[in-house]
$ cat query.cif   # mmCIF, C-alpha atoms and all ligand atoms
data_work
loop_
_atom_site.label_atom_id
_atom_site.label_comp_id
_atom_site.auth_asym_id
_atom_site.auth_seq_id
_atom_site.Cartn_x
_atom_site.Cartn_y
_atom_site.Cartn_z
CA MET A 1 102.28 -8.48 43.03
CA ILE A 2 104.29 -8.30 46.22
CA THR A 3 105.78 -4.95 47.09
CA PHE A 4 108.65 -4.75 49.53
CA PRO A 5 108.82 -1.84 51.95
CA SER A 6 112.04 -0.67 50.29
CA GLN A 7 110.28 -0.36 46.96
CA THR A 8 107.42 1.73 48.20
CA PRO A 9 107.86 5.39 47.54
CA ARG A 10 109.18 7.05 50.67
CA SER A 11 107.08 9.51 52.50
CA ALA A 12 108.51 12.96 53.13
CA PHE A 13 108.67 12.15 56.85
CA SER A 14 110.74 8.97 56.37
CA ARG A 15 113.15 10.86 54.07
CA PHE A 16 113.46 13.54 56.75
CA LEU A 17 114.22 10.82 59.35
CA ARG A 18 116.86 9.16 57.13
CA ILE A 19 118.63 12.42 56.32
CA GLY A 20 118.45 13.40 59.99
CA THR A 21 120.00 10.09 61.08
CA VAL A 22 122.81 10.30 58.54
CA ALA A 23 123.52 13.96 59.38
CA THR A 24 123.58 13.22 63.13
CA SER A 25 125.98 10.28 62.61
CA VAL A 26 128.32 12.43 60.51
CA MET A 27 128.28 15.18 63.16
CA ILE A 28 129.02 12.72 65.99
CA PHE A 29 131.87 11.25 63.92
CA LEU A 30 133.36 14.71 63.26
CA ALA A 31 132.97 15.68 66.93
CA CYS A 32 134.89 12.51 67.90
CA LEU A 33 137.69 13.40 65.45
CA VAL A 34 137.95 16.92 66.85
CA GLY A 35 137.91 15.54 70.40
CA PHE A 36 140.72 13.07 69.66
CA ALA A 37 142.78 15.70 67.84
CA TYR A 38 142.39 18.08 70.78
CA ALA A 39 143.34 15.39 73.30
CA LEU A 40 146.40 14.24 71.33
CA TRP A 41 147.65 17.70 70.25
CA PRO A 42 150.97 18.54 71.97
CA ALA A 43 150.23 20.86 74.86
CA LYS A 44 151.85 24.29 74.88
CA ASP A 45 153.99 25.11 77.89
CA LEU A 46 152.15 28.09 79.25
CA GLY A 47 154.81 29.01 81.79
CA SER A 48 153.95 30.67 85.04
CA TYR A 49 152.22 33.66 83.46
CA GLY A 50 149.63 31.51 81.71
CA SER A 51 150.59 32.73 78.27
CA ALA A 52 152.78 30.87 75.81
CA ASP A 53 154.84 33.98 75.04
CA ALA A 54 155.54 35.14 78.59
CA PRO A 55 158.96 34.40 80.06
CA VAL A 56 159.05 31.65 82.65
CA ALA A 57 159.95 33.04 86.05
CA ILE A 58 162.89 31.14 87.55
CA THR A 59 164.14 31.93 91.02
CA ALA A 60 167.79 32.87 91.51
CA SER A 61 168.56 29.74 93.51
CA GLN A 62 166.99 27.54 90.82
CA GLN A 63 169.07 29.34 88.20
CA LYS A 64 172.26 28.78 90.14
CA ALA A 65 171.45 25.09 90.60
CA ASP A 66 170.62 24.72 86.89
CA ALA A 67 173.66 26.68 85.82
CA ARG A 68 176.03 24.47 87.84
CA SER A 69 174.27 21.17 87.08
CA LEU A 70 176.04 20.46 83.74
CA GLY A 71 179.42 20.91 85.39
CA SER A 72 178.49 18.64 88.28
CA THR A 73 177.01 16.04 85.91
CA TYR A 74 179.99 15.79 83.56
CA GLY A 75 182.80 17.35 85.57
CA ASN A 76 184.72 20.59 85.13
CA GLY A 77 186.12 20.79 81.60
CA GLN A 78 184.36 17.58 80.53
CA ILE A 79 180.98 18.84 79.35
CA PRO A 80 180.21 17.41 75.87
CA GLU A 81 179.96 20.00 73.09
CA SER A 82 176.43 18.74 72.37
CA GLN A 83 175.28 20.05 75.77
CA LEU A 84 176.64 23.55 75.15
CA ARG A 85 175.38 26.45 73.02
CA GLU A 86 177.56 28.65 70.86
CA ILE A 87 177.74 32.35 71.85
CA ALA A 88 180.27 33.36 69.18
CA PRO A 89 182.13 31.36 66.50
CA GLY A 90 184.15 28.70 68.33
CA HIS A 91 182.99 29.74 71.81
CA SER A 92 180.18 28.20 73.84
CA MET A 93 178.55 28.20 77.28
CA THR A 94 175.84 26.20 79.07
CA PRO A 95 172.40 26.76 77.46
CA GLN A 96 171.14 29.04 80.23
CA ALA A 97 174.29 31.17 80.36
CA ALA A 98 174.31 31.32 76.53
CA GLU A 99 170.69 32.46 76.47
CA ARG A 100 171.34 35.28 78.94
CA PHE A 101 174.58 36.17 77.15
CA ALA A 102 172.67 36.51 73.87
CA ALA A 103 170.24 38.94 75.54
CA MET A 104 173.15 40.93 77.01
CA LYS A 105 174.95 40.97 73.65
CA LYS A 106 171.83 42.42 72.01
CA ALA A 107 171.68 45.17 74.64
CA LEU A 108 175.41 45.92 74.26
CA GLN A 109 175.02 46.20 70.49
CA ARG A 110 171.85 48.28 70.83
CA ASP A 111 173.79 50.74 72.98
CA GLY A 112 176.63 50.79 70.43
CA LYS A 113 179.32 49.19 72.65
CA GLN A 114 182.35 47.42 71.16
CA PHE A 115 183.28 43.99 72.49
CA LYS A 116 184.67 40.65 71.36
CA VAL A 117 184.47 37.15 72.87
CA ASN A 118 188.00 35.88 73.54
CA SER A 119 187.17 32.70 75.45
CA ALA A 120 184.20 30.89 77.01
CA TYR A 121 183.90 27.16 77.82
CA ARG A 122 187.28 25.48 78.16
CA SER A 123 187.96 21.75 78.23
CA LEU A 124 190.55 20.32 80.64
CA ALA A 125 193.08 20.10 77.80
CA GLU A 126 192.52 23.74 76.86
CA GLN A 127 192.91 24.80 80.50
CA GLU A 128 196.18 22.85 80.71
CA GLY A 129 197.40 24.67 77.61
CA LEU A 130 196.57 28.03 79.22
CA ILE A 131 198.45 27.14 82.41
CA LYS A 132 201.50 26.36 80.29
CA ARG A 133 201.18 29.67 78.43
CA TYR A 134 200.09 32.08 81.19
CA GLY A 135 201.05 30.36 84.44
CA LEU A 136 198.95 29.44 87.44
CA LEU A 137 197.19 32.15 89.44
CA SER A 138 199.04 30.93 92.53
CA ASN A 139 202.35 31.53 90.70
CA GLY A 140 201.42 35.05 89.61
CA GLY A 141 199.90 33.91 86.30
CA THR A 142 196.31 34.28 85.10
CA ALA A 143 195.15 30.66 84.73
CA ALA A 144 193.11 28.74 87.31
CA PRO A 145 194.21 25.19 88.13
CA VAL A 146 192.77 22.39 85.98
CA GLY A 147 189.27 21.50 87.17
CA GLU A 148 188.76 24.72 89.14
CA SER A 149 187.96 27.30 86.48
CA ASP A 150 184.40 28.51 85.94
CA HIS A 151 185.31 28.37 82.24
CA GLY A 152 185.29 24.57 82.67
CA LEU A 153 181.69 24.78 83.90
CA GLY A 154 180.64 26.71 80.78
CA LEU A 155 179.69 29.70 82.95
CA SER A 156 182.49 32.19 82.32
CA VAL A 157 183.30 34.32 79.33
CA ASP A 158 186.38 36.49 78.69
CA LEU A 159 185.48 39.64 76.79
CA LYS A 160 187.64 42.17 75.02
CA LEU A 161 186.08 45.45 76.19
CA ASP A 162 187.11 49.07 75.76
CA GLY A 163 186.59 51.52 78.65
CA ASP A 164 183.15 52.50 77.46
CA ALA A 165 181.97 48.89 77.12
CA LEU A 166 183.50 47.99 80.49
CA ARG A 167 181.54 50.80 82.17
CA TRP A 168 178.38 49.50 80.48
CA MET A 169 179.11 45.99 81.76
CA SER A 170 179.69 47.20 85.34
CA GLU A 171 176.35 48.93 85.21
CA HIS A 172 174.17 46.44 83.32
CA ALA A 173 175.72 42.94 83.29
CA GLY A 174 174.20 42.15 86.68
CA SER A 175 170.68 42.45 85.32
CA PHE A 176 171.55 39.65 82.87
CA GLY A 177 173.02 37.49 85.65
CA PHE A 178 176.70 38.18 84.82
CA LYS A 179 179.27 39.28 87.34
CA ASN A 180 182.97 40.13 87.20
CA THR A 181 184.17 37.43 89.58
CA VAL A 182 187.98 37.68 89.42
CA THR A 183 189.62 40.77 90.91
CA GLY A 184 192.15 42.25 88.52
CA GLU A 185 190.59 40.52 85.50
CA PRO A 186 188.05 43.02 84.17
CA TRP A 187 187.55 40.79 81.10
CA HIS A 188 186.34 37.76 83.08
CA TRP A 189 182.53 37.59 83.45
CA THR A 190 180.70 34.68 85.06
CA PHE A 191 177.03 33.79 84.82
CA VAL A 192 175.87 33.64 88.44
CA GLY A 193 172.12 33.93 87.81
CA GLN A 194 169.91 36.92 88.43
CA SER A 195 169.12 37.98 91.97
ZN ZN B 1 188.29 34.11 82.30
#
$ encode --input "query.cif" --output "structure tokens"
Amino acid sequence: MITFPSQTPRSAFSRFLRIGTVATSVMIFLACLVGFAYALWPAKDLGSYGSADAPVAITASQQKADARSLGSTYGNGQIPESQLREIAPGHSMTPQAAERFAAMKKALQRDGKQFKVNSAYRSLAEQEGLIKRYGLLSNGGTAAPVGESDHGLGLSVDLKLDGDALRWMSEHAGSFGFKNTVTGEPWHWTFVGQS
């Protein structure tokens, strides 16, 4: 009777070899999967501090360029709503200004100061409406000409502040990149970037 090699009882050594081969193949296959997954996994932005949670350091000049770029891309008063971020119901600013405003708002609230957002980004049409209501600055009014207001760049916010909150702003707003940029308008704060 002919016996084929496959029918002969396997020696312990050949079983060991077979199991070893299969186990090695499985391990190589798994290692490949892990390798591919690692290579294809979306990389975390580690920022300049090398940790995913650390804030990214941006220089003041970069901030100013970024802050003005939406206005120069779309034009004063013509920034689409989709490019802006809300800072209070019905009021928005450019993303960077909104982010710093949110941090400042938290600090204001933490220190128990009262304030309210009266106005932020304004479209050309809204600025025209204000000129009609309040008059042009050049005519003794309080509205900037169409296309010249920092509200149209999404960088300015008008705040209702009591004396206490105004003192807080004078002291701390600068560290959030906000500055009172119009003399005689203590409510008008513009994001100018941190220096
Ligand atoms: Zn204003």
$ atom_distance --input "query.cif" --atom1 "atom CA of A:Val34" --atom2 "atom CA of A:Arg18"
24.5 Å
$ residues_near_ligand --input "query.cif" --ligand "ligand ZN 1 (chain B)" --cutoff "12 Å" --atoms "all atoms listed in the file" --output "PyMOL selection string"
chain A and resi 117-122+127+130+137+142-144+148-160+179-191
$ residues_around --input "query.cif" --residues "A:Gly163" --least-positions-apart "2" --cutoff "12 Å" --atoms "all atoms listed in the file" --output "JSON, numbers by chain"
{"A": [113, 114, 115, 160, 161, 165, 166, 167, 168, 169, 170, 186, 187]}
$ residues_near_point --input "query.cif" --point "(173.1, 23.6, 78.3)" --cutoff "12 Å" --atoms "all atoms listed in the file" --output "ChimeraX atom specification"
/A:66-71,73-74,79-87,92-100,121,153-155
$ atom_distance --input "query.cif" --atom1 "atom CA of A:Gly90" --atom2 "atom CA of A:Phe176"
22.1 Å
$ atom_distance --input "query.cif" --atom1 "atom CA of A:Phe178" --atom2 "atom CA of A:Gly193"
6.9 Å
$ closest_residue --input "query.cif" --among "A:Ile28, A:Leu136, A:Ala88, A:Ala102" --to "A:Lys116" --atoms "only C-alpha atoms"
A:Ala88
$ closest_residue --input "query.cif" --among "A:Lys106, A:Val146, A:Asp164, A:Thr24" --to "A:Gly75" --atoms "only C-alpha atoms"
A:Val146
